[in-house]
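Everything below concerns the one structure shown next.
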2 protein chains.
Amino acid sequence: MNLSGRTLVARGFHCPDGTLDPFAELAIEIGADGVITRVRRPGADGYAVPADAVRLPEGTLLLPGFVDLHIHAPQYPQLGTALDEPLEVWLQRYTFPLEARYADPAFAERVYARLVRDLLASGTTTALYFGTVHLPATQRLAELCLELGQRALVGKVAMDHPETCPDYYRDASADDAIEGTRALIAHIRALPGNDGRVQPVVMPRFIPACTDEALAGLGALAAETGCRVHTHVSESDWEHGHVLERHAMSDAESLARFGLMTPHSVLAHGNFLSDSDFALMKRHRAGVAHCPLSNAYFAGSVFPLRKALRSGVSVGLGSDISGGPAGTIWETARMAVTAARMLETGVDPALAPEARGGRPGARIDAVTAFHLATRGGAQTLGLPVGAFVPGMAFDAMLIDPSVEAGTLRAFDGETGIRLLERVLYGTSKPNIARVWVQGVQVAGMAR
Amino acid sequence: MNLSGRTLVARGFHCPDGTLDPFAELAIEIGADGVITRVRRPGADGYAVPADAVRLPEGTLLLPGFVDLHIHAPQYPQLGTALDEPLEVWLQRYTFPLEARYADPAFAERVYARLVRDLLASGTTTALYFGTVHLPATQRLAELCLELGQRALVGKVAMDHPETCPDYYRDASADDAIEGTRALIAHIRALPGNDGRVQPVVMPRFIPACTDEALAGLGALAAETGCRVHTHVSESDWEHGHVLERHAMSDAESLARFGLMTPHSVLAHGNFLSDSDFALMKRHRAGVAHCPLSNAYFAGSVFPLRKALRSGVSVGLGSDISGGPAGTIWETARMAVTAARMLETGVDPALAPEARGGRPGARIDAVTAFHLATRGGAQTLGLPVGAFVPGMAFDAMLIDPSVEAGTLRAFDGETGIRLLERVLYGTSKPNIARVWVQGVQVAGMAR
């Protein structure tokens, strides 16, 4: 069901500005280029729905597509495993050996094609991907996104530090890291038919994995090419302290001084960002990919989301495949709510409530989680998606509660936030009937 | 695919004694009554697989069925909603009005039939259900479990305290609560064809909702009828303190002195149980339904699972539909691992690690979560299920990673704990190909 050039009449939800806007019946006019031209409530101001409008089935719900701001594409085969290992073991015994396998183009093809299809089928219409150090595999990932219809930002991982990266999986030099990134940027931008739906990013793995020379060169490259940067920042006590010791400034400050905080850059995790770090990021218009599931295993803490939002920094959600054990934004959004509650109260019942290490006021609700998953993530990237508003591309998903094989059940004619909550917690893949990117159906039932 | 009287050859996992026992090829002989008679590794000790053995498809994995120790059946229609409301509002505005609707037998039929089917399709082969105060609806729930093939324990909720329960939804008197429970016990035990697969439980909602007279009468009834008891215990600071104030002893001590801690009774939550409470429960052979998702919203803490296990108390898992927002043990088991990690580290990154309110050593791994979900839960109830061992009923599920509509992907020939982890985190309903209870297939693909 391609909707470019069509008018759609649907029931559903979006969060254009952070508050929940449920619509019982909305007419969405989509241009031939997949961009929304007009949005109207039928009957309002004498608006008449075109006779050939597409009416979505009774009971279904239209949502904006999800934005996943942090995915390690090569780690998909190990999703869910070895999370009880310390970071160093997890990296050296599992993750680096797995990422090294993407020197094999057949392996890369098999995994990446599977991943992109799976994410689209789960409603992830925009994905920000870490690749590997391998240029061919990363180029192929970008091509697959283009072919399969996903909106994507893709980076070739830069990691040249001989002390922290294994010899068998590392950029041989800072120059290799920089030039490889340059080549990826050129390749993605020149892909036939790529009107900007797939974009390159500059991608130092994180400061501990890169020499100063690589960091500086990548920052210069980001400025030269106008690319966003995607990396990790202040994820854990260890990582935050490591950069402080090495560079005598915070992780965020060091990224900024290397030029690695270009507008709409996305920094993953950020649990240990300070108030001045947040102010710095806001000035640079960089944002955070909040990865609540991964944080439980690797960050020893919950990201101070409310504090970040109050500071004015943009925030979206990241699954962090495979630091996080779940493959989609659905589980991530749920955990954002759950983790914020646990941050609010603290965790150990053996301590008195006031001594339990909680942070009053930390909680968020389902609306905030839904916003982060859609328009919030899009704003972080600076992309015109994430809500049903004129000028935005029609990236969306159709939720069907009537599917026997699904898990979302409708009993009662719930509406508003209560309905959004049921959808957020209850939806699984069989309930996602159709997915569109730029007006074109890219996943779901027969087209 | 009914397996009573057949021999099955399968690959899979179980945890008969707490450690992971993966099997590449296991022959499971099942009697005509659905009870396992013999288990052999083909080729070991000259054992020859019968010619007419059923061989499960290549790549599929056999697991014991899940045990869900805490489900509020009537709350299924509100699953996922209103979790940001304080308990008092959640109860009075949403939960009690919803439970009151089960005076309508048509509503009860619609919801309960849907719930039992959904749980079976998700691999919950044994379920411990809270009903409502209504005898007919609760009787019907038990009948549906019997008809649809689920192993179940069902209770009619006793709640007679005029100060904490609304007039429109409450037992009119202690005597009504007690006699209604007596009637339910008799009804369930007399159901035609019920060989014990569906059993009644004595079910005070929790101490705050019951008068002392009701509690004492229900305790006497439990002794008289030999029933297990199912209720909540020490879920939150408020609830734990309420009982301390009212009865000048802990929640667990009060339950025990009323006779409400019969063998294999299940107490939900238990976050604030003390060491002496655990010792008391162990002496009485009562166990805990650990509900990690629900606790994040209503308990302000993480259950001290490691402490409970070290004390020798039996523990299993509970979804706590709808205090918990997820409908199955899959999400619950995942959260058990995640929450234990968060208990270990504490949560607020603004505090120094040693001041973060964590509990060193609190973590559990996927094997422990899997054990709790299967044999652990079964041991808590005292039921001969949860592992593939002679004398146990064949309650099981078949996982298929090859299903396009699913979310579990196989890439690599993973084995052992790494494979279990992938299955635990990656499985969704389309991957659950078949489900059996007592050797009879009760859900999944065409029989």
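Residues in the structure tokens are named by chain (A, B, ... in the order shown) and by number from 1 within that chain; ligands are numbered from 1 in the order shown.
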* Asked: Using only C-alpha atoms, which residues sit within 12 Å of Ala142 of chain B once same-chain residues fewer than 4 positions away are excluded, as a VMD selection string?
  -> chain B and resid 73 108 to 109 112 to 113 116 127 to 131 135 to 138 146 to 156 184 to 192 194 196 to 201
* From a DSSP calculation on the backbone, collect every residue of segment 140-274 of chain B in strand (DSSP E) and output the set as a list in words. =>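 The strand (DSSP E) subset of segment 140-274 of chain B is Arg151, Ala152, Leu153, Val154, Gly155, Val198, Gln199, Pro200, Val201, Val202, Arg228, Val229, His230, Thr231, His232, Val233, Val266, Leu267, Ala268 and His269 of chain B.
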* To do: Dump as number ranges by chain the residues of chain A that approach chain B to within 7 Å, counting only C-alpha atoms.
  => A: 77, 79-82, 84, 271-272, 296-297, 300-302, 325-326, 338, 341-343, 345-349, 356-359, 365, 405, 411, 418, 421-422, 425, 430
Would you export the selected residues with C-alpha atoms as a compact mmCIF listing (two decimals), in the first residue's frame, please?
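That gives us result.txt:
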```
# COMPACT_ATOMS: atom_id res chain seq x y z
CA PRO A 77 24.12 -12.14 15.87
CA LEU A 79 21.93 -10.08 20.70
CA GLY A 80 21.10 -11.06 24.26
CA THR A 81 24.29 -12.92 25.06
CA ALA A 82 27.18 -12.55 27.50
CA ASP A 84 26.98 -10.77 32.59
CA ASN A 271 24.86 8.74 32.10
CA PHE A 272 27.74 10.70 33.63
CA ALA A 296 21.51 -1.74 33.36
CA TYR A 297 24.28 -4.07 32.20
CA GLY A 300 25.81 0.78 36.52
CA SER A 301 23.26 3.59 36.62
CA VAL A 302 20.17 5.09 35.04
CA PRO A 325 19.49 -7.28 24.87
CA ALA A 326 16.40 -6.21 22.94
CA THR A 338 10.56 1.48 34.04
CA ARG A 341 10.78 4.87 38.05
CA MET A 342 13.65 2.88 39.52
CA LEU A 343 15.89 5.94 39.42
CA THR A 345 12.85 5.46 44.14
CA GLY A 346 16.24 3.79 44.40
CA VAL A 347 16.45 0.02 44.57
CA ASP A 348 17.52 -1.61 47.83
CA PRO A 349 14.59 -2.35 50.18
CA ARG A 356 17.66 4.34 49.03
CA GLY A 357 19.64 6.42 46.55
CA GLY A 358 16.73 7.59 44.45
CA ARG A 359 16.23 10.86 42.66
CA ASP A 365 5.36 8.55 31.56
CA ALA A 405 -0.96 -13.99 16.52
CA PHE A 411 -11.40 -4.91 25.02
CA ARG A 418 -4.71 4.88 28.39
CA GLU A 421 -0.09 2.89 27.15
CA ARG A 422 -1.76 -0.34 26.05
CA TYR A 425 3.33 -2.13 26.36
CA PRO A 430 2.44 -9.44 14.40
```
* Asked: Got a sec: who's within 7 Å of Ala387 of chain B, counting only C-alpha atoms, leaving out chain neighbours fewer than 2 positions off, as a list in words?
  ->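 With the cut-off at 7 Å, the set is His14, Cys15, Pro16, Pro64, Arg375, Val385 and Val389 of chain B.
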* For Cys291 of chain A, the nearest of the candidates A:Val39, A:Leu98, A:Ile71, A:Ala256, counting only C-alpha atoms ->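 Nearest to Cys291 of chain A: A:Ile71.
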* **Polymer residues at most 6 Å from segment 53-60 of chain A, only C-alpha atoms, same-chain spacing of 2 or more positions, as a list of chain:residue names** =>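 My reading of the contact set: A:Thr7, A:Leu8, A:Val9, A:Ala10, A:Pro50, A:Ala51, A:Ile399, A:Asp400.
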